[in-house]
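J.: Next comes the structure file work_4.pdb, holding PDB, C-alpha atoms.
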ATOM      1  CA  MET H  35      -4.336 -19.349  19.539
ATOM      2  CA  ASN H  36      -4.797 -21.443  16.405
ATOM      3  CA  PRO H  37      -1.739 -22.982  14.780
ATOM      4  CA  PRO H  38      -0.645 -21.198  11.613
ATOM      5  CA  SER H  39      -2.162 -22.368   8.363
ATOM      6  CA  PRO H  40       0.093 -23.822   5.674
ATOM      7  CA  ALA H  41       2.139 -21.414   3.622
ATOM      8  CA  PRO H  42       0.536 -20.215   0.434
ATOM      9  CA  ASP H  43       2.076 -21.202  -2.865
ATOM     10  CA  CYS H  44       3.379 -17.860  -4.109
ATOM     11  CA  ASP H  45       6.097 -16.174  -6.107
ATOM     12  CA  VAL H  46       6.317 -13.128  -3.839
ATOM     13  CA  ALA H  47       5.516 -12.546  -0.164
ATOM     14  CA  ILE H  48       4.900  -8.992   1.033
ATOM     15  CA  VAL H  49       5.090  -8.337   4.751
ATOM     16  CA  GLY H  50       2.621  -5.625   5.716
ATOM     17  CA  ALA H  51      -0.724  -4.497   4.287
ATOM     18  CA  GLY H  52      -0.187  -0.765   4.528
ATOM     19  CA  PRO H  53      -0.558   1.495   1.488
ATOM     20  CA  VAL H  54       2.854   0.554   0.066
ATOM     21  CA  GLY H  55       2.402  -3.196   0.606
ATOM     22  CA  LEU H  56      -1.073  -3.197  -0.958
ATOM     23  CA  LEU H  57       0.057  -1.054  -3.892
ATOM     24  CA  LEU H  58       3.006  -3.388  -4.501
ATOM     25  CA  ALA H  59       0.691  -6.414  -4.305
ATOM     26  CA  ASN H  60      -1.606  -4.823  -6.890
ATOM     27  CA  LEU H  61       1.303  -4.036  -9.202
ATOM     28  CA  LEU H  62       2.897  -7.492  -8.930
ATOM     29  CA  GLY H  63      -0.471  -9.224  -9.131
ATOM     30  CA  SER H  64      -1.246  -7.399 -12.368
ATOM     31  CA  THR H  65       1.819  -9.072 -13.935
ATOM     32  CA  GLY H  66       0.439 -12.531 -13.170
ATOM     33  CA  LEU H  67       2.712 -13.313 -10.225
ATOM     34  CA  LYS H  68       1.209 -15.211  -7.281
ATOM     35  CA  VAL H  69       1.422 -12.813  -4.333
ATOM     36  CA  ALA H  70       0.764 -13.322  -0.616
ATOM     37  CA  VAL H  71       0.421 -10.252   1.606
ATOM     38  CA  LEU H  72       1.064 -11.167   5.248
ATOM     39  CA  GLU H  73      -0.364  -8.688   7.771
ATOM     40  CA  LYS H  74      -0.159  -9.111  11.536
ATOM     41  CA  ASN H  75      -3.227  -6.976  12.282
ATOM     42  CA  LEU H  76      -6.692  -8.458  11.821
ATOM     43  CA  ALA H  77      -8.153  -5.144  10.609
ATOM     44  CA  PRO H  78      -6.807  -2.023   8.903
ATOM     45  CA  PRO H  79      -5.722   0.834  11.226
ATOM     46  CA  SER H  80      -8.414   3.280  12.325
ATOM     47  CA  HIS H  81      -6.256   6.376  11.830
ATOM     48  CA  SER H  82      -4.060   7.826   9.100
ATOM     49  CA  ARG H  83      -0.282   7.555   9.164
ATOM     50  CA  ALA H  84       0.448   9.721   6.136
ATOM     51  CA  ILE H  85      -0.168  13.322   5.091
ATOM     52  CA  GLY H  86      -0.994  12.854   1.438
ATOM     53  CA  ILE H  87      -0.519  11.099  -1.868
ATOM     54  CA  THR H  88       2.181  12.576  -4.098
ATOM     55  CA  PRO H  89       2.005  13.070  -7.889
ATOM     56  CA  PRO H  90       4.369  10.134  -8.631
ATOM     57  CA  SER H  91       2.171   7.868  -6.499
ATOM     58  CA  LEU H  92      -0.915   9.050  -8.386
ATOM     59  CA  GLU H  93       0.835   8.196 -11.659
ATOM     60  CA  ILE H  94       1.536   4.679 -10.367
ATOM     61  CA  LEU H  95      -2.093   4.345  -9.259
ATOM     62  CA  GLY H  96      -3.055   5.463 -12.767
ATOM     63  CA  SER H  97      -1.164   2.518 -14.243
ATOM     64  CA  LEU H  98      -3.638   0.294 -12.365
ATOM     65  CA  GLY H  99      -6.626   2.401 -13.418
ATOM     66  CA  LEU H 100      -7.081   3.666  -9.842
ATOM     67  CA  SER H 101      -6.051   7.344  -9.895
ATOM     68  CA  ASP H 102      -9.529   8.648 -10.781
ATOM     69  CA  ALA H 103     -11.098   6.725  -7.881
ATOM     70  CA  PHE H 104      -8.584   8.338  -5.525
ATOM     71  CA  VAL H 105      -8.864  11.864  -6.949
ATOM     72  CA  VAL H 106     -12.689  12.015  -6.722
ATOM     73  CA  ARG H 107     -12.525  11.054  -3.026
ATOM     74  CA  GLY H 108      -9.614  13.285  -2.035
ATOM     75  CA  VAL H 109      -8.849  16.962  -1.544
ATOM     76  CA  LYS H 110      -6.302  18.512  -3.917
ATOM     77  CA  ILE H 111      -3.761  20.567  -1.988
ATOM     78  CA  GLN H 112      -2.098  23.072  -4.310
ATOM     79  CA  ASP H 113      -0.801  25.596  -1.769
ATOM     80  CA  VAL H 114       0.417  25.182   1.790
ATOM     81  CA  HIS H 115       0.765  27.942   4.378
ATOM     82  CA  VAL H 116       2.786  26.994   7.446
ATOM     83  CA  HIS H 117       1.994  28.828  10.680
ATOM     84  CA  GLY H 118       3.930  28.892  13.914
ATOM     85  CA  VAL H 119       3.326  30.526  17.280
ATOM     86  CA  SER H 120       4.119  33.988  15.904
ATOM     87  CA  GLY H 121       2.180  33.640  12.653
ATOM     88  CA  GLN H 122       2.999  32.471   9.116
ATOM     89  CA  ILE H 123       6.523  31.110   8.745
ATOM     90  CA  GLY H 124       6.409  29.771   5.198
ATOM     91  CA  THR H 125       4.489  28.847   2.076
ATOM     92  CA  CYS H 126       4.781  26.192  -0.592
ATOM     93  CA  SER H 127       2.976  25.772  -3.897
ATOM     94  CA  PHE H 128       2.547  22.547  -5.843
ATOM     95  CA  ARG H 129       0.799  24.254  -8.792
ATOM     96  CA  GLU H 130       3.892  24.118 -11.046
ATOM     97  CA  LEU H 131       4.622  20.413 -10.585
ATOM     98  CA  PRO H 132       4.896  18.632 -13.940
ATOM     99  CA  GLY H 133       2.405  15.973 -14.990
ATOM    100  CA  ALA H 134      -1.288  15.398 -14.653
ATOM    101  CA  HIS H 135      -1.409  15.911 -10.875
ATOM    102  CA  PRO H 136       0.049  19.292  -9.796
ATOM    103  CA  TYR H 137      -1.042  18.843  -6.186
ATOM    104  CA  ILE H 138      -0.750  16.633  -3.129
ATOM    105  CA  LEU H 139      -3.916  14.590  -2.679
ATOM    106  CA  SER H 140      -5.242  14.436   0.862
ATOM    107  CA  LEU H 141      -7.271  11.286   1.495
ATOM    108  CA  PRO H 142      -7.876   9.457   4.778
ATOM    109  CA  GLN H 143      -5.666   6.399   4.874
ATOM    110  CA  GLN H 144      -8.653   4.165   5.582
ATOM    111  CA  GLN H 145     -10.051   5.103   2.159
ATOM    112  CA  THR H 146      -6.678   4.508   0.501
ATOM    113  CA  LEU H 147      -6.463   1.033   2.043
ATOM    114  CA  SER H 148     -10.074   0.270   1.155
ATOM    115  CA  LEU H 149      -9.591   1.203  -2.518
ATOM    116  CA  LEU H 150      -6.387  -0.841  -2.759
ATOM    117  CA  GLU H 151      -7.990  -3.865  -1.061
ATOM    118  CA  GLN H 152     -11.038  -3.664  -3.349
ATOM    119  CA  HIS H 153      -8.733  -3.721  -6.366
ATOM    120  CA  LEU H 154      -6.821  -6.713  -4.917
ATOM    121  CA  ARG H 155     -10.064  -8.707  -4.783
ATOM    122  CA  LEU H 156     -10.229  -8.447  -8.588
ATOM    123  CA  THR H 157      -6.920 -10.315  -8.854
ATOM    124  CA  PRO H 158      -7.343 -14.008  -8.006
ATOM    125  CA  ASN H 159      -3.574 -14.615  -7.847
ATOM    126  CA  VAL H 160      -3.180 -12.260  -4.837
ATOM    127  CA  ALA H 161      -4.056 -13.256  -1.276
ATOM    128  CA  LEU H 162      -4.299 -10.848   1.665
ATOM    129  CA  LEU H 163      -3.722 -12.889   4.827
ATOM    130  CA  ARG H 164      -4.467 -11.012   8.055
ATOM    131  CA  GLY H 165      -3.338 -12.214  11.466
ATOM    132  CA  ARG H 166      -0.005 -13.446  10.087
ATOM    133  CA  GLU H 167       2.993 -11.927  11.861
ATOM    134  CA  VAL H 168       6.445 -12.479  10.416
ATOM    135  CA  ALA H 169       9.042 -12.451  13.182
ATOM    136  CA  GLN H 170      12.055 -13.740  11.262
ATOM    137  CA  VAL H 171      13.315 -14.439   7.769
ATOM    138  CA  GLU H 172      15.633 -17.344   6.895
ATOM    139  CA  SER H 173      16.933 -18.563   3.556
ATOM    140  CA  ALA H 174      18.403 -22.001   2.887
ATOM    141  CA  GLY H 175      18.433 -24.472   0.006
ATOM    142  CA  GLY H 176      16.196 -22.440  -2.289
ATOM    143  CA  GLN H 177      13.542 -21.905   0.380
ATOM    144  CA  VAL H 178      12.656 -18.773   2.291
ATOM    145  CA  THR H 179      11.031 -19.113   5.691
ATOM    146  CA  LEU H 180       9.113 -16.152   7.083
ATOM    147  CA  GLY H 181       8.313 -16.848  10.729
ATOM    148  CA  SER H 182       6.246 -20.005  10.437
ATOM    149  CA  TRP H 183       5.585 -19.426   6.725
ATOM    150  CA  ASN H 184       7.557 -21.611   4.355
ATOM    151  CA  LEU H 185       7.643 -20.070   0.861
ATOM    152  CA  VAL H 186       9.303 -21.828  -2.068
ATOM    153  CA  ARG H 187      11.353 -19.686  -4.455
ATOM    154  CA  LYS H 188      10.889 -20.568  -8.100
TER     155      LYS H 188
END
Please re-express this file's structure in structure tokens.
T.:
Amino acid sequence: MNPPSPAPDCDVAIVGAGPVGLLLANLLGSTGLKVAVLEKNLAPPSHSRAIGITPPSLEILGSLGLSDAFVVRGVKIQDVHVHGVSGQIGTCSFRELPGAHPYILSLPQQQTLSLLEQHLRLTPNVALLRGREVAQVESAGGQVTLGSWNLVRK
């Protein structure tokens, strides 16, 4: 195994490159902060870990100019019918939700991650660093150490 590379010079370190970590990196990067995303896996997961994207999340994606890219690739779920062994046991409608997105958007997580990573590449002050596991966090004397990463707080 190769020794870890030097810590990036950054304002914020995000541990994990899942949908939330990548969205946060995009949001913070858009403010001009230097952001490092540390992800232990070398590649994104091959399967989804979430059911859908909620209206508030779509609004946040809209603030980055990404909601349309998500909506055209996803399936809008407006009504849900829940079935059990003996038949239908419930229903739920999202049609009356306020805002521009009265639905839950179903989109494979691989596509969500891909769209968020593509947008990150447009922001030179954000670095996605794969193969970087953070096993511990320590703080002393104005420095934060994440595993073998030494990040200076400003």
J.: Please report the interatomic distance between CA of Phe128 (chain H) and CA of Ile111 (chain H) in Å with one decimal.
T.: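 So the two atoms, CA of Phe128 (chain H) and CA of Ile111 (chain H), lie 7.7 Å apart.
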J.: Under the PyMOL selection byres ((chain H and resi 68-76) around 9), which residues of this model are included? Write them out as number ranges by chain.
T.: H: 42-52, 55-56, 59-60, 62-63, 66-67, 77-79, 158-168
J.: What lies within 12 Å of Val114 (chain H) using all atoms listed in the file, ignoring chain neighbours under 6 positions off, as a PyMOL selection string?
T.: chain H and resi 122-129+137-138
J.: Per residue of region 106-176 of chain H within 9 Å of region 91-96 of chain H, record the nearest atom pair and its distance in Å to one decimal, counting all atoms listed in the file, with rows in chain order and ascending residue number, as CSV.
T.:
residue,atom,partner,partner_atom,distance
H:Gly133,CA,H:Glu93,CA,8.6
H:Ala134,CA,H:Glu93,CA,8.1
H:His135,CA,H:Leu92,CA,7.3
H:Leu139,CA,H:Leu92,CA,8.5
J.: Taking the file above as input, evaluate the PyMOL selection byres ((chain H and resi 104) around 9) and report the hits as a list in words.
T.: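 In the shown coordinates, the PyMOL selection byres ((chain H and resi 104) around 9) covers Leu92, Leu95, Leu100, Ser101, Asp102, Ala103, Val105, Val106, Arg107, Gly108, Leu139, Leu141, Gln145, Thr146 and Leu149 of chain H.
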J.: Tell me, in Å to one decimal, how far CA of Pro89 (chain H) is from CA of Val109 (chain H).
T.: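 That distance, rounded to one decimal, is 13.2 Å.
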J.: As JSON, please report the centre and edge lengths, rounded to one decimal in Å, of the axis-aligned box that holds all listed atoms of region 157-171 of chain H with 4 Å of padding on each of the six sides.
T.:
{"center_x": 3.0, "center_y": -12.5, "center_z": 2.2, "size_x": 28.7, "size_y": 12.3, "size_z": 30.0}
J.: Record the distance separating CA of Ser97 (chain H) and CA of Pro53 (chain H), expressed in Å with one decimal.
T.: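 Value for the CA of Ser97 (chain H)-CA of Pro53 (chain H) distance: 15.8 Å.
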J.: Produce region 131-144 of chain H of the given structure as output with N, CA and C atoms, as a CSV table (one decimal), in the first residue's frame.
T.:
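Written out: selection.csv:
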chain,number,residue,atom,x,y,z
H,131,LEU,N,-48.1,18.4,-2.4
H,131,LEU,CA,-47.0,19.0,-1.7
H,131,LEU,C,-46.7,20.4,-2.3
H,132,PRO,N,-46.4,21.4,-1.5
H,132,PRO,CA,-46.1,22.7,-2.0
H,132,PRO,C,-44.8,22.8,-2.8
H,133,GLY,N,-44.7,23.8,-3.6
H,133,GLY,CA,-43.5,24.0,-4.3
H,133,GLY,C,-43.5,23.5,-5.7
H,134,ALA,N,-42.4,23.6,-6.4
H,134,ALA,CA,-42.3,23.2,-7.8
H,134,ALA,C,-42.2,21.7,-8.0
H,135,HIS,N,-42.0,20.9,-7.0
H,135,HIS,CA,-41.8,19.5,-7.2
H,135,HIS,C,-42.7,18.7,-6.3
H,136,PRO,N,-44.0,18.5,-6.7
H,136,PRO,CA,-45.0,17.8,-5.9
H,136,PRO,C,-44.9,16.3,-6.1
H,137,TYR,N,-43.7,15.7,-5.9
H,137,TYR,CA,-43.5,14.3,-6.2
H,137,TYR,C,-42.1,13.9,-5.5
H,138,ILE,N,-41.9,12.6,-5.4
H,138,ILE,CA,-40.6,12.1,-5.0
H,138,ILE,C,-40.0,11.6,-6.3
H,139,LEU,N,-38.7,12.0,-6.5
H,139,LEU,CA,-38.1,11.7,-7.8
H,139,LEU,C,-37.3,10.4,-7.6
H,140,SER,N,-37.6,9.4,-8.4
H,140,SER,CA,-36.8,8.1,-8.3
H,140,SER,C,-35.7,8.2,-9.4
H,141,LEU,N,-34.5,8.0,-8.9
H,141,LEU,CA,-33.3,8.1,-9.8
H,141,LEU,C,-32.3,7.1,-9.2
H,142,PRO,N,-31.7,6.2,-10.1
H,142,PRO,CA,-30.7,5.4,-9.5
H,142,PRO,C,-29.5,6.2,-8.9
H,143,GLN,N,-29.1,5.7,-7.8
H,143,GLN,CA,-28.1,6.5,-7.0
H,143,GLN,C,-26.8,6.7,-7.9
H,144,GLN,N,-26.5,5.8,-8.7
H,144,GLN,CA,-25.3,5.9,-9.6
H,144,GLN,C,-25.4,7.2,-10.4
